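S.K.: My file is data_10.csv. It has CSV, C-alpha atoms:
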```
chain,number,residue,atom,x,y,z
W,1,MET,CA,0.8,-20.3,-39.8
W,2,HIS,CA,1.9,-21.4,-36.3
W,3,ILE,CA,4.6,-18.7,-36.4
W,4,LYS,CA,2.1,-16.0,-37.0
W,5,LYS,CA,-0.1,-17.2,-34.2
W,6,ASP,CA,2.9,-17.3,-31.8
W,7,LYS,CA,3.9,-13.8,-32.8
W,8,LYS,CA,0.3,-12.5,-32.2
W,9,MET,CA,0.3,-14.2,-28.8
W,10,ARG,CA,3.6,-12.6,-27.8
W,11,ILE,CA,2.3,-9.2,-28.8
W,12,LEU,CA,-0.9,-9.7,-26.8
W,13,ILE,CA,1.1,-10.7,-23.7
W,14,ILE,CA,3.3,-7.7,-24.1
W,15,LEU,CA,0.3,-5.3,-24.5
W,16,PHE,CA,-1.5,-6.9,-21.5
W,17,SER,CA,1.6,-6.5,-19.3
W,18,CYS,CA,2.0,-2.9,-20.4
W,19,ALA,CA,-1.6,-2.2,-19.6
W,20,LEU,CA,-1.2,-3.7,-16.1
W,21,PHE,CA,1.9,-1.7,-15.5
W,22,PHE,CA,0.6,1.7,-16.5
W,23,SER,CA,-2.7,1.2,-14.8
W,24,GLY,CA,-0.9,0.7,-11.5
W,25,CYS,CA,-2.5,-2.7,-11.2
W,26,THR,CA,-2.0,-4.2,-7.7
W,27,VAL,CA,-1.5,-7.7,-9.2
W,28,LEU,CA,2.0,-6.6,-10.1
W,29,ASN,CA,2.4,-4.5,-6.9
W,30,ILE,CA,4.5,-2.0,-8.8
W,31,LEU,CA,2.3,1.1,-9.0
W,32,PRO,CA,-0.6,1.9,-6.7
W,33,SER,CA,-4.2,1.2,-7.6
W,34,LYS,CA,-6.2,4.1,-8.9
W,35,LYS,CA,-9.3,2.9,-7.0
W,36,ILE,CA,-10.8,5.6,-4.8
W,37,ASN,CA,-12.5,4.5,-1.6
W,38,LYS,CA,-15.0,6.3,0.7
W,39,ILE,CA,-13.2,7.1,3.9
W,40,SER,CA,-14.5,8.4,7.3
W,41,PHE,CA,-12.9,9.9,10.4
W,42,ASP,CA,-13.7,10.6,14.0
W,43,THR,CA,-15.4,14.0,14.1
W,44,GLU,CA,-15.9,14.4,17.8
W,45,SER,CA,-12.9,13.5,19.9
W,46,ILE,CA,-9.8,15.7,20.3
W,47,ASN,CA,-6.4,15.3,22.0
W,48,PRO,CA,-5.8,18.7,23.8
W,49,GLU,CA,-2.1,17.8,24.2
W,50,TYR,CA,-1.5,18.1,20.5
W,51,GLN,CA,0.1,21.4,19.6
W,52,PHE,CA,1.4,22.7,16.3
W,53,TYR,CA,4.1,25.3,15.8
W,54,PHE,CA,4.7,27.7,13.0
W,55,PRO,CA,7.6,30.1,12.1
W,56,ASP,CA,7.7,33.6,13.3
W,57,PRO,CA,8.0,35.6,10.0
W,58,ASN,CA,9.9,38.4,11.9
W,59,LYS,CA,12.5,36.0,13.3
W,60,ASP,CA,12.8,33.1,10.9
W,61,SER,CA,16.1,33.3,8.9
W,62,ILE,CA,14.8,31.4,5.9
W,63,ILE,CA,11.7,33.6,5.6
W,64,PHE,CA,13.9,36.7,6.0
W,65,LYS,CA,16.2,35.6,3.2
W,66,ILE,CA,13.3,34.8,0.9
W,67,ARG,CA,11.7,38.2,1.7
W,68,GLU,CA,15.0,40.0,1.0
W,69,ASN,CA,15.9,38.2,-2.2
W,70,TYR,CA,12.5,37.5,-3.9
W,71,PRO,CA,9.6,39.8,-4.8
W,72,ILE,CA,7.0,38.1,-2.8
W,73,GLU,CA,5.8,41.1,-0.9
W,74,ASP,CA,5.7,43.2,-4.1
W,75,LEU,CA,3.6,40.5,-5.7
W,76,ILE,CA,0.8,40.9,-3.2
W,77,ARG,CA,1.3,44.5,-2.0
W,78,ASP,CA,-1.9,46.0,-3.5
W,79,GLU,CA,-4.0,42.9,-3.0
W,80,LYS,CA,-6.5,42.8,-0.1
W,81,ASP,CA,-8.3,39.5,-0.8
W,82,GLU,CA,-6.7,36.6,1.1
W,83,GLN,CA,-7.5,33.9,-1.4
W,84,THR,CA,-6.0,36.0,-4.3
W,85,LYS,CA,-2.8,36.5,-2.2
W,86,ILE,CA,-2.6,32.7,-1.9
W,87,LEU,CA,-3.2,32.1,-5.6
W,88,LEU,CA,-0.5,34.7,-6.4
W,89,ALA,CA,2.0,32.9,-4.2
W,90,LEU,CA,0.9,29.5,-5.5
W,91,ASN,CA,1.4,30.6,-9.2
W,92,TRP,CA,4.8,32.2,-8.4
W,93,VAL,CA,6.2,29.1,-6.8
W,94,ARG,CA,4.9,26.9,-9.6
W,95,ASN,CA,6.8,29.0,-12.1
W,96,GLN,CA,10.2,28.8,-10.3
W,97,TRP,CA,11.1,25.4,-11.8
W,98,GLU,CA,9.6,22.5,-13.8
W,99,HIS,CA,8.8,19.2,-12.0
W,100,ASN,CA,11.3,16.4,-11.7
W,101,SER,CA,10.2,13.3,-9.9
W,102,TRP,CA,13.7,12.1,-9.0
W,103,ASN,CA,15.8,15.1,-7.9
W,104,ASN,CA,15.8,15.2,-4.1
W,105,ALA,CA,17.1,18.6,-3.0
W,106,GLY,CA,18.4,17.0,0.2
W,107,THR,CA,17.3,20.0,2.3
W,108,LYS,CA,14.2,21.6,3.8
W,109,ASP,CA,15.6,25.1,3.4
W,110,ALA,CA,13.2,26.8,1.0
W,111,TYR,CA,15.7,29.6,0.3
W,112,VAL,CA,18.4,27.1,-0.8
W,113,ILE,CA,15.9,25.3,-3.0
W,114,LEU,CA,14.9,28.6,-4.7
W,115,LYS,CA,18.5,29.5,-5.3
W,116,ARG,CA,19.3,26.2,-6.9
W,117,ALA,CA,16.1,26.4,-9.0
W,118,GLY,CA,17.3,29.8,-10.2
W,119,GLN,CA,20.4,28.0,-11.4
W,120,GLY,CA,18.3,25.6,-13.5
W,121,GLU,CA,17.6,22.6,-11.1
W,122,LYS,CA,14.3,20.9,-11.2
W,123,PHE,CA,12.7,19.3,-8.1
W,124,ARG,CA,9.9,17.0,-6.9
W,125,CYS,CA,6.5,17.6,-5.4
W,126,VAL,CA,8.2,17.6,-2.0
W,127,GLU,CA,10.2,20.7,-2.8
W,128,TYR,CA,7.1,22.5,-4.1
W,129,GLY,CA,5.4,21.8,-0.8
W,130,ILE,CA,8.4,23.1,1.2
W,131,VAL,CA,8.9,26.3,-0.8
W,132,LEU,CA,5.2,27.2,-0.9
W,133,LYS,CA,5.0,26.9,2.8
W,134,SER,CA,7.8,29.3,3.4
W,135,VAL,CA,6.6,31.7,0.7
W,136,LEU,CA,3.2,31.9,2.3
W,137,ALA,CA,4.9,32.6,5.6
W,138,THR,CA,6.6,35.6,4.1
W,139,ILE,CA,3.2,37.2,3.6
W,140,GLY,CA,2.0,36.3,7.1
W,141,MET,CA,0.1,33.1,6.4
W,142,LYS,CA,0.4,30.0,8.5
W,143,SER,CA,0.8,26.9,6.3
W,144,ARG,CA,2.2,23.4,6.4
W,145,THR,CA,3.5,20.7,4.1
W,146,LEU,CA,1.1,17.9,3.8
W,147,GLY,CA,2.2,14.3,2.9
W,148,LEU,CA,-0.3,12.1,1.1
W,149,MET,CA,-0.1,8.3,0.8
W,150,THR,CA,-2.2,5.8,-1.1
W,151,GLN,CA,-4.2,3.0,0.6
W,152,ASP,CA,-1.7,0.4,-0.7
W,153,VAL,CA,1.4,2.4,0.3
W,154,GLU,CA,3.0,-0.7,1.9
W,155,LYS,CA,2.6,-3.0,-1.1
W,156,VAL,CA,3.8,-1.0,-4.1
W,157,LYS,CA,7.3,-0.1,-5.3
W,158,PHE,CA,6.7,3.3,-6.7
W,159,GLY,CA,4.3,6.3,-6.7
W,160,ALA,CA,2.7,5.8,-3.3
W,161,GLY,CA,3.1,9.3,-2.1
W,162,HIS,CA,2.6,13.0,-3.0
W,163,VAL,CA,3.4,16.2,-1.1
W,164,LEU,CA,1.6,19.5,-1.3
W,165,THR,CA,0.6,22.3,1.1
W,166,GLU,CA,-2.3,23.4,3.3
W,167,VAL,CA,-2.7,27.0,4.3
W,168,TRP,CA,-4.9,28.4,7.1
W,169,LEU,CA,-7.6,30.8,5.9
W,170,ASN,CA,-8.3,33.6,8.4
W,171,ASP,CA,-11.3,34.7,6.4
W,172,HIS,CA,-13.0,31.2,6.6
W,173,LYS,CA,-11.3,29.9,9.8
W,174,LYS,CA,-10.3,26.6,8.0
W,175,TRP,CA,-7.5,24.9,6.3
W,176,ALA,CA,-7.2,24.9,2.5
W,177,MET,CA,-5.3,22.6,0.1
W,178,VAL,CA,-3.0,24.1,-2.5
W,179,ASP,CA,-0.7,22.1,-4.9
W,180,ALA,CA,2.2,24.0,-6.3
W,181,GLN,CA,3.3,21.2,-8.6
W,182,PHE,CA,0.0,21.6,-10.5
W,183,ASP,CA,-0.8,25.3,-9.6
W,184,VAL,CA,-4.2,24.4,-8.3
W,185,MET,CA,-6.6,25.0,-5.4
W,186,PRO,CA,-9.9,23.0,-5.1
W,187,THR,CA,-13.0,24.9,-4.0
W,188,LEU,CA,-16.7,24.1,-3.4
W,189,ASP,CA,-19.3,26.9,-3.6
W,190,ASN,CA,-16.4,29.3,-3.8
W,191,ILE,CA,-14.9,28.0,-0.5
W,192,PRO,CA,-11.4,26.5,-0.6
W,193,LEU,CA,-11.3,22.8,0.5
W,194,SER,CA,-8.9,21.0,2.8
W,195,ALA,CA,-7.4,17.8,1.4
W,196,VAL,CA,-9.9,15.6,3.4
W,197,GLU,CA,-12.8,17.8,2.2
W,198,PHE,CA,-11.6,17.5,-1.3
W,199,GLN,CA,-11.5,13.7,-1.1
W,200,SER,CA,-15.1,13.7,0.2
W,201,ALA,CA,-16.2,16.0,-2.6
W,202,ILE,CA,-14.7,13.6,-5.2
W,203,ILE,CA,-16.3,10.5,-3.7
W,204,GLU,CA,-19.7,12.2,-3.4
W,205,LYS,CA,-19.4,13.7,-6.9
W,206,LYS,CA,-20.0,17.2,-5.7
W,207,ASP,CA,-19.7,20.1,-8.1
W,208,PHE,CA,-16.3,21.3,-7.0
W,209,SER,CA,-14.0,23.6,-9.0
W,210,LEU,CA,-10.2,23.5,-9.5
W,211,ILE,CA,-8.9,27.0,-9.7
W,212,ASN,CA,-5.7,29.0,-10.0
W,213,LEU,CA,-4.8,32.6,-10.6
W,214,LYS,CA,-6.3,32.5,-14.1
W,215,GLY,CA,-9.6,31.1,-12.9
W,216,GLU,CA,-10.9,27.6,-13.4
W,217,LEU,CA,-8.5,25.0,-14.9
W,218,ASN,CA,-9.1,24.3,-18.6
W,219,PRO,CA,-10.3,20.8,-19.5
W,220,GLU,CA,-6.8,19.5,-20.2
W,221,GLU,CA,-5.4,20.7,-16.9
W,222,TYR,CA,-8.5,19.5,-15.0
W,223,LYS,CA,-8.1,16.0,-16.5
W,224,LYS,CA,-4.4,15.9,-15.8
W,225,PHE,CA,-4.9,16.7,-12.1
W,226,MET,CA,-7.9,14.5,-11.6
W,227,ASP,CA,-6.1,11.6,-13.3
W,228,PHE,CA,-3.3,12.0,-10.8
W,229,ILE,CA,-4.6,13.1,-7.3
W,230,PRO,CA,-7.6,11.2,-6.0
W,231,HIS,CA,-6.0,7.9,-5.0
W,232,TYR,CA,-3.3,9.8,-3.0
W,233,LEU,CA,-6.0,11.2,-0.7
W,234,TYR,CA,-6.1,8.3,1.8
W,235,TYR,CA,-3.4,8.8,4.5
W,236,PHE,CA,-2.5,12.4,5.5
W,237,THR,CA,0.6,13.5,7.4
W,238,ILE,CA,1.7,16.9,9.0
W,239,SER,CA,4.6,17.9,11.2
W,240,PHE,CA,4.0,19.1,14.8
W,241,ASP,CA,6.6,21.8,14.3
W,242,GLU,CA,6.9,23.8,11.1
W,243,SER,CA,9.0,26.5,12.8
W,244,THR,CA,12.4,24.9,12.3
W,245,ILE,CA,14.2,22.6,9.9
W,246,ASP,CA,16.7,21.5,12.6
W,247,PRO,CA,15.6,18.0,13.8
W,248,ASP,CA,17.3,18.6,17.1
W,249,LYS,CA,15.2,21.7,17.9
W,250,MET,CA,11.8,20.4,16.7
W,251,VAL,CA,9.0,20.1,19.2
W,252,ARG,CA,7.8,16.5,19.3
W,253,PHE,CA,4.9,14.6,20.8
W,254,ASN,CA,5.6,11.2,22.4
W,255,GLY,CA,9.0,11.5,20.8
W,256,ASN,CA,7.4,11.8,17.3
W,257,SER,CA,7.8,14.7,14.9
W,258,SER,CA,4.7,14.2,12.8
W,259,LEU,CA,1.0,13.2,13.0
W,260,MET,CA,-0.7,10.9,10.6
W,261,LEU,CA,-4.5,11.0,10.0
W,262,VAL,CA,-5.7,7.4,9.4
W,263,PRO,CA,-9.3,6.6,8.2
W,264,LEU,CA,-11.5,4.7,10.6
W,265,GLY,CA,-11.1,1.0,10.2
W,266,SER,CA,-7.8,1.3,8.3
W,267,LYS,CA,-4.4,0.0,9.5
W,268,GLN,CA,-1.6,2.3,10.5
W,269,PRO,CA,1.0,1.8,7.8
W,270,SER,CA,4.5,0.9,9.0
W,271,VAL,CA,6.4,0.8,5.7
W,272,PHE,CA,6.5,3.0,2.6
W,273,GLN,CA,6.9,1.4,-0.8
W,274,ARG,CA,7.9,-2.0,0.7
W,275,LYS,CA,11.2,-1.0,2.2
W,276,TYR,CA,11.2,2.5,3.9
W,277,PRO,CA,10.1,2.4,7.5
W,278,ILE,CA,7.2,4.7,8.5
W,279,ASP,CA,8.2,5.8,11.9
W,280,ASP,CA,8.6,9.0,14.0
W,281,LYS,CA,4.8,9.4,13.8
W,282,ASP,CA,1.8,9.7,16.1
W,283,TYR,CA,-1.5,8.4,14.7
W,284,THR,CA,-5.0,9.8,14.9
W,285,ASN,CA,-8.4,9.1,13.4
W,286,SER,CA,-9.7,12.6,14.6
W,287,LEU,CA,-10.3,15.5,12.2
W,288,LYS,CA,-10.3,17.8,15.2
W,289,ASP,CA,-6.8,16.7,16.0
W,290,PHE,CA,-5.6,17.1,12.5
W,291,TYR,CA,-7.4,20.3,11.5
W,292,LYS,CA,-6.9,22.4,14.7
W,293,GLU,CA,-6.8,26.1,14.3
W,294,PRO,CA,-3.1,27.3,14.5
W,295,ILE,CA,-2.3,29.2,17.6
W,296,LYS,CA,1.5,29.1,17.8
```
Would you mind writing the file's structure down as structure tokens?

M.R.:
Amino acid sequence: MHIKKDKKMRILIILFSCALFFSGCTVLNILPSKKINKISFDTESINPEYQFYFPDPNKDSIIFKIRENYPIEDLIRDEKDEQTKILLALNWVRNQWEHNSWNNAGTKDAYVILKRAGQGEKFRCVEYGIVLKSVLATIGMKSRTLGLMTQDVEKVKFGAGHVLTEVWLNDHKKWAMVDAQFDVMPTLDNIPLSAVEFQSAIIEKKDFSLINLKGELNPEEYKKFMDFIPHYLYYFTISFDESTIDPDKMVRFNGNSSLMLVPLGSKQPSVFQRKYPIDDKDYTNSLKDFYKEPIK
């Protein structure tokens, strides 16, 4: 009788431990908490010294090689609608490889990543963000890779970050979030949302949509994305200079290559997943700094 009880107790302990692990419980500090918090930012101030730089599609060698070797321009040739062009590019990038959380390409050269994907390699969210940025540039759109981090980025060991893309919409004069790993663009009242706007729409339970080239995501795709993305929308990071992958040629501000948007009242994180220093960054609480219209 005691043996059966002990066995049951061991099973309960194992099940409880597994539940904690897979829920990302911060008690164990292994995976991030899935809790979503209301966040706010400075909406008035702006640093006029911040400038952001984007590749010239007529001069950039990576964009030239993608244009010459992949059918991006043919894909959108007869399409006039800006949003549809973006969705076509988004879908094309999604279909170049299947996601692999661990395979770091070791390069920011989108052409090299595409070549290796064509040979069967699979890559992370990071590579999806890099490639989509360059593919959008081949069709004349300014875009940037966007790094996301959870609120507890400093405390957990795994899963504290995600990378996607934001693209400038000339039609709406605003930035829009697109995630090539999931082939998705969030919209509200048919207007694409930035990552910060999307976080607000989630918190405020607005009637947003998740769309791709086929239309609205089906319930299974919707659930998969919404089970994954919300808790990553806390810290946001962009580069000052998207025009080069050469670190020696990048334009910097205060010696830093990137800008992190930090919610009001939150600390500036200094370490990623316990052991990787978060440095080479300027910090701002201002949406006007982070979401400036691109001019370079």

S.K.: So which residues are close to (-9.7, 27.5, 6.3), meaning at most 10 Å away in the file's coordinates with all atoms listed in the file counted, and can you show them as a PDB file with C-alpha atoms, in the frame of the given file?

M.R.:
```
ATOM      1  CA  GLU W 166      -2.300  23.400   3.300  1.00  0.00           C
ATOM      2  CA  VAL W 167      -2.700  27.000   4.300  1.00  0.00           C
ATOM      3  CA  TRP W 168      -4.900  28.400   7.100  1.00  0.00           C
ATOM      4  CA  LEU W 169      -7.600  30.800   5.900  1.00  0.00           C
ATOM      5  CA  ASN W 170      -8.300  33.600   8.400  1.00  0.00           C
ATOM      6  CA  ASP W 171     -11.300  34.700   6.400  1.00  0.00           C
ATOM      7  CA  HIS W 172     -13.000  31.200   6.600  1.00  0.00           C
ATOM      8  CA  LYS W 173     -11.300  29.900   9.800  1.00  0.00           C
ATOM      9  CA  LYS W 174     -10.300  26.600   8.000  1.00  0.00           C
ATOM     10  CA  TRP W 175      -7.500  24.900   6.300  1.00  0.00           C
ATOM     11  CA  ALA W 176      -7.200  24.900   2.500  1.00  0.00           C
ATOM     12  CA  MET W 177      -5.300  22.600   0.100  1.00  0.00           C
ATOM     13  CA  ILE W 191     -14.900  28.000  -0.500  1.00  0.00           C
ATOM     14  CA  PRO W 192     -11.400  26.500  -0.600  1.00  0.00           C
ATOM     15  CA  LEU W 193     -11.300  22.800   0.500  1.00  0.00           C
ATOM     16  CA  SER W 194      -8.900  21.000   2.800  1.00  0.00           C
ATOM     17  CA  TYR W 291      -7.400  20.300  11.500  1.00  0.00           C
ATOM     18  CA  GLU W 293      -6.800  26.100  14.300  1.00  0.00           C
TER      19      GLU W 293
END
```

S.K.: Quick check, in Å to one decimal: how far apart do CA of Pro186 in chain W and CA of Tyr53 in chain W lie?

M.R.: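 Computed distance, CA of Pro186 in chain W to CA of Tyr53 in chain W, equals 25.3 Å.
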
S.K.: Have a look at W:Leu261, W:Phe158, W:Phe208, W:Glu197 and name the one nearest to Tyr222 in chain W; count all atoms listed in the file.

M.R.: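 Smallest separation from Tyr222 in chain W among the options: W:Phe208.
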
S.K.: For Pro230 in chain W, which residue out of W:Pro294, W:Pro263, W:Gly161, W:Gly118 is the nearest one, using all atoms listed in the file?

M.R.: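 Using all atoms listed in the file, the shortest distance to Pro230 in chain W belongs to W:Gly161.
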
S.K.: List the spatial neighbours of Ile39 in chain W as a compact mmCIF listing (two decimals) with C-alpha atoms, in the coordinates of the input - criterion: any atom at most 10 Å away, all atoms listed in the file, same-chain residues fewer than 6 positions off excluded.

M.R.:
```
# COMPACT_ATOMS: atom_id res chain seq x y z
CA VAL W 196 -9.90 15.60 3.40
CA GLN W 199 -11.50 13.70 -1.10
CA SER W 200 -15.10 13.70 0.20
CA ILE W 203 -16.30 10.50 -3.70
CA LEU W 233 -6.00 11.20 -0.70
CA TYR W 234 -6.10 8.30 1.80
CA TYR W 235 -3.40 8.80 4.50
CA VAL W 262 -5.70 7.40 9.40
CA PRO W 263 -9.30 6.60 8.20
CA LEU W 264 -11.50 4.70 10.60
CA GLY W 265 -11.10 1.00 10.20
CA SER W 266 -7.80 1.30 8.30
```

S.K.: Can you list, as a ChimeraX atom specification, every protein, DNA or RNA residue that comes within 9 Å of range 141-153 of chain W when you count only C-alpha atoms, leaving out same-chain residues fewer than 2 positions away?

M.R.: /W:26,29,32-34,36-37,54-55,86,126,129-130,132-139,155-170,175,177,195,231-239,242,260,266,269,271-274,294

S.K.: Since the input lacks some atoms of range 89-100 of chain W, please model N, CA and C atoms and print them as a short mmCIF file (atom, residue, chain, number, x, y, z; two decimals), in the frame of the given file.

M.R.:
```
data_model
loop_
_atom_site.label_atom_id
_atom_site.label_comp_id
_atom_site.auth_asym_id
_atom_site.auth_seq_id
_atom_site.Cartn_x
_atom_site.Cartn_y
_atom_site.Cartn_z
N ALA W 89 0.83 33.65 -4.71
CA ALA W 89 2.00 32.90 -4.20
C ALA W 89 2.10 31.54 -4.82
N LEU W 90 0.98 30.86 -4.94
CA LEU W 90 0.90 29.50 -5.50
C LEU W 90 1.47 29.56 -6.97
N ASN W 91 1.00 30.50 -7.76
CA ASN W 91 1.40 30.60 -9.20
C ASN W 91 2.92 30.96 -9.25
N TRP W 92 3.37 31.83 -8.35
CA TRP W 92 4.80 32.20 -8.40
C TRP W 92 5.69 31.03 -8.10
N VAL W 93 5.35 30.24 -7.09
CA VAL W 93 6.20 29.10 -6.80
C VAL W 93 6.14 28.07 -7.91
N ARG W 94 4.97 27.83 -8.49
CA ARG W 94 4.90 26.90 -9.60
C ARG W 94 5.83 27.26 -10.74
N ASN W 95 6.03 28.54 -10.97
CA ASN W 95 6.80 29.00 -12.10
C ASN W 95 8.33 29.11 -11.81
N GLN W 96 8.77 28.69 -10.62
CA GLN W 96 10.20 28.80 -10.30
C GLN W 96 11.00 27.64 -10.90
N TRP W 97 10.38 26.50 -11.19
CA TRP W 97 11.10 25.40 -11.80
C TRP W 97 10.03 24.41 -12.39
N GLU W 98 10.48 23.52 -13.25
CA GLU W 98 9.60 22.50 -13.80
C GLU W 98 9.82 21.20 -12.92
N HIS W 99 8.78 20.42 -12.84
CA HIS W 99 8.80 19.20 -12.00
C HIS W 99 9.76 18.17 -12.45
N ASN W 100 10.49 17.57 -11.50
CA ASN W 100 11.30 16.40 -11.70
C ASN W 100 11.09 15.43 -10.61
#
```
